[in-house]
Amino acid sequence: MLNISKKTFKKDYVKKFIELHGKELEEGTPQNKYETLGTLVRDYIAEMWIATNKKYNKTQEKQVYYLSAEFLLGRLLGNSLLNLGIRDICKEGLAELNINLEELENLEQDQGLGNGGLGRLAACFLDSMASLNIPGHGCGIRYKYGFFEQKIINGSQIEAPDNWLRGGNVWEIRKPDKAEIVKFGGEVKVEMIDGNMTFIHINYEPVLAVPYDTPVVGYENQVINTLRLWSAEPVSNEFDFSSFSRGDFLKAIEYKNSVEAISHVLYPDDSFYEGKLLRLKQQYFFVSAGLQSIIRHYVKHNGDLENLDEKIAIHINDTHPTLAIPELMRILIDEEGLSWDDAWRITTNSVSYTNHTILAEALEKWPVDMFKKILPRIYMIVEEINRRFCEELWSKYIGQWDKISRMAIIGDGYVKMAHLAIVGSHSVNGVAKLHTEILKKQEMQDFYYLYPRKFNNKTNGITHRRWLMKSNPKLTKLLVDTIGDSWIKHPTDMEKFENHLDDKSVLERLQQIKTENKIDLAKTIKQSSGIIVDPNSIFDVQVKRIHAYKRQTLNCLRVMNLYNKLLENPNLDIVPRTVIFGGKAAPGYFLAKKTIELINAVADKINNDPRVNEKLKVVYLENYRVSLAESIIPAADISEQISTTTKEASGTSNMKFMMNGAITIATLDGANVEIRDEVGDDNIVIFGMNEREVLDYYKNGGYSSWQVCNEDERLKRVTQDLVNGYYSPDKEKFKTIYEHLLTYNDEFFVLKDFDSYLRAQDKVDEIYRDSIRWQKMAGVNIAHSGIFSSDRTIQEYATGIWGSGFLYKNL
Ligand SMILES: *Cc1c(COP(=O)(O)O)cnc(C)c1O
């Protein structure tokens with residue numbers, strides 16, 4: 001907690017304003033005022049940051065490095081103020097200067113260096129590590145362009161570049177003196193030097209990796225950890241421009257462009273793999289720079305590499321940073337002179353790996369030719385890891401060639417990153433109980449039998465500081481008024497709230513808060529889309545990446561069916577609904593982009609049909625991102641978590657919604673299962689096929705979407721509506737969706753789950769009519785959401801994987 005009075009803050013603020021802008025406060029633009037506050041807060045942080053690092057160097061506590069290709073931080077100002085414990089003081093101080101804090105906070109650009117759940121998880125984890133006094137730091141890429149900005153124009157997604165650095169970034173500090181060189185291409189010469197085989201990398205292309213550090217503020221505990229993001233720059237001294245002939249000058253420009261391309265843009269694919277050369281370069285770039293700087297720092301302050309694995313933990317978020325394994329081997333062997341066996345022991349003991357998906361299309365594998373050419377030395381090391389691993393398999397599984405070739409790290413002309421990650425680490429975790437079980441008994445069964453002790457579960461979590469305290473201050477106040485504030489440090493204490501759910505005044509306040517949040521969101525909807533929605537209707541929300549397995553199509557078909565029903569019977573007695581969608585599609589994912597078009601076409605027709613408008617509206621909110629999520633989620637009545645069972649590894653928006661008192665309508669997929677276990681069957685609405693049924697269909701076949709469709713008049717009608725011009729004069733427009741469902745047999749069982757989903761929606765309607773019952777359900781969900789705080793998740797990682805659990809005794 002930062003100790004500062006309102007008076008000092010005001011003085012500091014005005015002084016900083018004048019320093020930065022050279023004019024008086026009254027003449028400042030809102031942007032000037034935001035920049036001033038951000039810079040001042042960063043200055044406040046600086047001293048604590050230095051002190052934290054000093055303490056880490058002195059105590060030599062185990063340092064955790066969380067390697068991730070994505071960090072989806074969102075905005076930093078509000079949460080930094082909250083965690084520093086000075087948000088109220090700033091708010092009051094600024095008000096006295098005629099400045100509204102929230103207005104300044106809303107001027108901040110989202111830091112959108114991630115696609116969705118995986119990147120947001122990394123951001124929640126940074127917040128929790130700092131808040132739990134764990135020396136845990138992020139390592140990633142400082143993309144010049146983050147995740148694209150989505151515009152919905154004439155009902156279609158249009159992508160615009162996210163030039164997030166345009167207005168500057170007050171949070172980062174460039175550290176050119178801590179730059180590292182990363183080497184690409186070239187050849188490896190093997191020489192015997194003093195009787196040792198020595199590997200010399202020659203003719204490589206050097207890339208300068210420059211770190212930008214962002215402070216990660218712990219909650220009222222004086223801890224400031226570091227997120228270090230690397231930017232690719234040309235090695236300037238390498239090229240003496242005057243000595244170049246014309247041809248070489250062009251070459252130098254080419255070199256500059258090819259280097260800068262590495263940290264230019266985030267790939268906008270989620271749960272999808274493409275064998276793009278640049279992506280392989282990105283992955284090696286940040287992993288190599290990160291590890292070189294980690295080892296350099298370690299050697300400087302500690303020295304003894306022999307027990308490196310007791311002093312640092314390296315966590316890889318999905319397979320994107322898997323090259324950390326051969327890169328650490330390279331540093332230890334080639335640069336530090338360790339033997340293979342010592343290097344291997346240290347590496348495997350340091351590295352741990354999280355798997356995020358079982359979708360086949362998401363599993364990374366790099367063509368051997370490409371890999372070898374770009375990373376010749378790393379390839380040699382991977383080959384040697386593979387050779388030794390296969391040797392182990394040969395002696396264990398005598399004659400079982402099928403199994404051995406299935407498990408090999410290199411095979412069929414590819415390097416298989418998940419195999420490398422499992423073999424080269426000491427821990428492999430899934431992200432929800434169901435997901436981990438599927439990994440063990442299906443996708444990674446061979447590896448599970450070989451290394452049963454490596455596999456473990458760590459159910460995902462979300463930081464309650466951003467997703468409740470910051471985004472829903474009114475609900476936060478209700479909790480503090482009823483149960484005190486112990487839950488802020490111990491989120492499972494939120495359970496105490498359940499004891500207050502027989503108190504009518506508490507339920508009334510709960511309803512009041514939801515209504516106020518809905519009124520706020522209605523304003524946002526009006527501003528961004530022009531659509532007027534009724535805050536007394538059910539706000540029914542599905543916001544997440546657009547993906548076939550997440551089944552936005554199922555939700556949309558349900559809306560289309562409801563529309564048909566309302567037209568047939570205008571007196572149909574339903575609770576009015578506002579169905580809200582949001583999410584981005586990968587620019588190259590045709591079906592997902594068509595899904596956005598369909599939802600917008602359906603929305604357009606329904607919203608302009610006065611016959612049904614009192615009862616049904618459909619909204620597509622453009623450019624879904626962290627800051628928008630923070631205003632949508634506190635206003636949701638219904639959380640749509642309707643993925644095909646087995647396909648969503650965990651989900652995290654399900655947890656955010658629950659924590660804000662939305663009722664979940666869900667399949668028993670990912671962490672939905674654990675949410676159900678927490679709240680009980682009466683406080684969630686479950687539908688759809690279970691795990692066994694889905695796996696059985698995938699294994700044995702027997703599903704006919706055509707047959708299911710033909711046996712259900714409602715389905716016949718809504719699927720025909722896709723291709724009969726009902727929602728578009730262009731009958732071909734939604735043909736892809738129709739074909740996916742009927743011609744190609746509906747890979748994700750949308751039609752199969754349709755009936756069950758509709759019955760679940762009827763049940764929602766029925767429950768909502770009983771206001772007391774609904775508010776109690778909302779209350780139970782809030783009360784049981786503490787277990788899904790990422791503080792719980794991080795405690796489990798620390799004690800179960802990283803071996804830094806002893807730190808908790810101080811809590
Ligand atoms: C939480 C979050 C996600 C993940 O949502 P899921 O529904 O779990 O896929 C994606 N994007 C943003 C901006 C988020 O905040």
# chains A, B, ... in the order shown; residues from 1 in each chain; ligands from 1
$ closest_atom_pairs --of "chain A" --to "ligand 1" --cutoff "7 Å" --atoms "only C-alpha atoms and all ligand atoms" --output "JSON lines"
{"residue": "A:Asn115", "atom": "CA", "partner": "ligand 1", "partner_atom_place_in_ligand_line": "11 (N)", "distance": 6.8}
{"residue": "A:Gly116", "atom": "CA", "partner": "ligand 1", "partner_atom_place_in_ligand_line": "10 (C)", "distance": 3.6}
{"residue": "A:Gly117", "atom": "CA", "partner": "ligand 1", "partner_atom_place_in_ligand_line": "4 (C)", "distance": 3.6}
{"residue": "A:Arg120", "atom": "CA", "partner": "ligand 1", "partner_atom_place_in_ligand_line": "2 (C)", "distance": 6.0}
{"residue": "A:Val543", "atom": "CA", "partner": "ligand 1", "partner_atom_place_in_ligand_line": "7 (O)", "distance": 6.3}
{"residue": "A:Lys544", "atom": "CA", "partner": "ligand 1", "partner_atom_place_in_ligand_line": "7 (O)", "distance": 4.4}
{"residue": "A:Arg545", "atom": "CA", "partner": "ligand 1", "partner_atom_place_in_ligand_line": "9 (O)", "distance": 6.1}
{"residue": "A:Tyr624", "atom": "CA", "partner": "ligand 1", "partner_atom_place_in_ligand_line": "13 (C)", "distance": 6.1}
{"residue": "A:Arg625", "atom": "CA", "partner": "ligand 1", "partner_atom_place_in_ligand_line": "13 (C)", "distance": 3.9}
{"residue": "A:Val626", "atom": "CA", "partner": "ligand 1", "partner_atom_place_in_ligand_line": "13 (C)", "distance": 4.0}
{"residue": "A:Ala629", "atom": "CA", "partner": "ligand 1", "partner_atom_place_in_ligand_line": "15 (O)", "distance": 5.6}
{"residue": "A:Gly651", "atom": "CA", "partner": "ligand 1", "partner_atom_place_in_ligand_line": "8 (O)", "distance": 3.4}
{"residue": "A:Thr652", "atom": "CA", "partner": "ligand 1", "partner_atom_place_in_ligand_line": "8 (O)", "distance": 3.8}
{"residue": "A:Ser653", "atom": "CA", "partner": "ligand 1", "partner_atom_place_in_ligand_line": "8 (O)", "distance": 4.1}
{"residue": "A:Asn654", "atom": "CA", "partner": "ligand 1", "partner_atom_place_in_ligand_line": "8 (O)", "distance": 6.1}
$ write_last_selection --atoms "N, CA and C atoms" --output "JSON list (two decimals), in the first residue's frame"
[["chain", "number", "residue", "atom", "x", "y", "z"],
["A", 115, "ASN", "N", -4.95, -13.00, -28.04],
["A", 115, "ASN", "CA", -6.15, -13.35, -28.80],
["A", 115, "ASN", "C", -7.40, -13.47, -27.95],
["A", 116, "GLY", "N", -7.27, -14.13, -26.81],
["A", 116, "GLY", "CA", -8.46, -14.42, -26.01],
["A", 116, "GLY", "C", -8.07, -15.05, -24.69],
["A", 117, "GLY", "N", -8.69, -16.16, -24.36],
["A", 117, "GLY", "CA", -8.53, -16.78, -23.05],
["A", 117, "GLY", "C", -7.08, -17.04, -22.63],
["A", 120, "ARG", "N", -5.36, -13.76, -21.80],
["A", 120, "ARG", "CA", -5.95, -13.15, -20.61],
["A", 120, "ARG", "C", -5.56, -13.93, -19.36],
["A", 543, "VAL", "N", -20.15, -13.76, -25.19],
["A", 543, "VAL", "CA", -19.00, -12.99, -25.69],
["A", 543, "VAL", "C", -17.76, -13.84, -25.56],
["A", 544, "LYS", "N", -17.06, -14.05, -26.65],
["A", 544, "LYS", "CA", -15.84, -14.87, -26.70],
["A", 544, "LYS", "C", -15.41, -14.93, -28.15],
["A", 545, "ARG", "N", -14.23, -15.50, -28.42],
["A", 545, "ARG", "CA", -13.83, -15.67, -29.81],
["A", 545, "ARG", "C", -14.91, -16.43, -30.59],
["A", 624, "TYR", "N", -14.91, -6.67, -29.34],
["A", 624, "TYR", "CA", -14.83, -7.27, -28.00],
["A", 624, "TYR", "C", -13.37, -7.34, -27.55],
["A", 625, "ARG", "N", -13.13, -6.87, -26.35],
["A", 625, "ARG", "CA", -11.77, -6.79, -25.80],
["A", 625, "ARG", "C", -11.89, -6.68, -24.29],
["A", 626, "VAL", "N", -10.77, -6.62, -23.58],
["A", 626, "VAL", "CA", -10.83, -6.66, -22.11],
["A", 626, "VAL", "C", -11.68, -5.52, -21.55],
["A", 629, "ALA", "N", -15.27, -6.13, -22.12],
["A", 629, "ALA", "CA", -15.72, -7.24, -21.26],
["A", 629, "ALA", "C", -16.03, -6.71, -19.85],
["A", 651, "GLY", "N", -12.29, -22.52, -20.36],
["A", 651, "GLY", "CA", -13.12, -21.33, -20.38],
["A", 651, "GLY", "C", -12.76, -20.51, -19.15],
["A", 652, "THR", "N", -12.77, -19.19, -19.30],
["A", 652, "THR", "CA", -12.57, -18.34, -18.13],
["A", 652, "THR", "C", -13.66, -17.28, -18.05],
["A", 653, "SER", "N", -14.30, -16.96, -19.18],
["A", 653, "SER", "CA", -15.38, -15.98, -19.08],
["A", 653, "SER", "C", -16.52, -16.57, -18.26],
["A", 654, "ASN", "N", -16.68, -17.89, -18.31],
["A", 654, "ASN", "CA", -17.69, -18.54, -17.44],
["A", 654, "ASN", "C", -17.49, -18.13, -15.97]]
$ select_by_dssp --residues "stretch 296-431 of chain A" --states "strand (DSSP E)" --output "JSON, numbers by chain"
{"A": [312, 313, 314, 315, 316, 317, 351, 352, 353, 354, 365, 366, 367, 410, 411, 414, 415, 416, 427, 428, 429, 430]}
$ closest_residue --among "A:Glu711, A:Asp127, A:Glu102, A:Glu159" --to "A:Ile794" --atoms "only C-alpha atoms"
A:Asp127
$ residues_around --residues "stretch 52-69 of chain A" --least-positions-apart "5" --cutoff "8 Å" --atoms "only C-alpha atoms" --output "MDAnalysis selection string"
chainID A and resid 114 119 122 134:141 222:225 283 287 301:302 310:318 320:321 802 804
$ select_by_dssp --residues "stretch 164-365 of chain A" --states "helix (DSSP H, G or I)" --output "number ranges by chain"
A: 176-178, 236-238, 241-243, 246-263, 277-301, 305-311, 324-335, 340-350, 360-362
$ closest_residue --among "A:Asn623, A:Ser529, A:Asn660, A:Thr645" --to "A:Asn690" --atoms "only C-alpha atoms"
A:Thr645
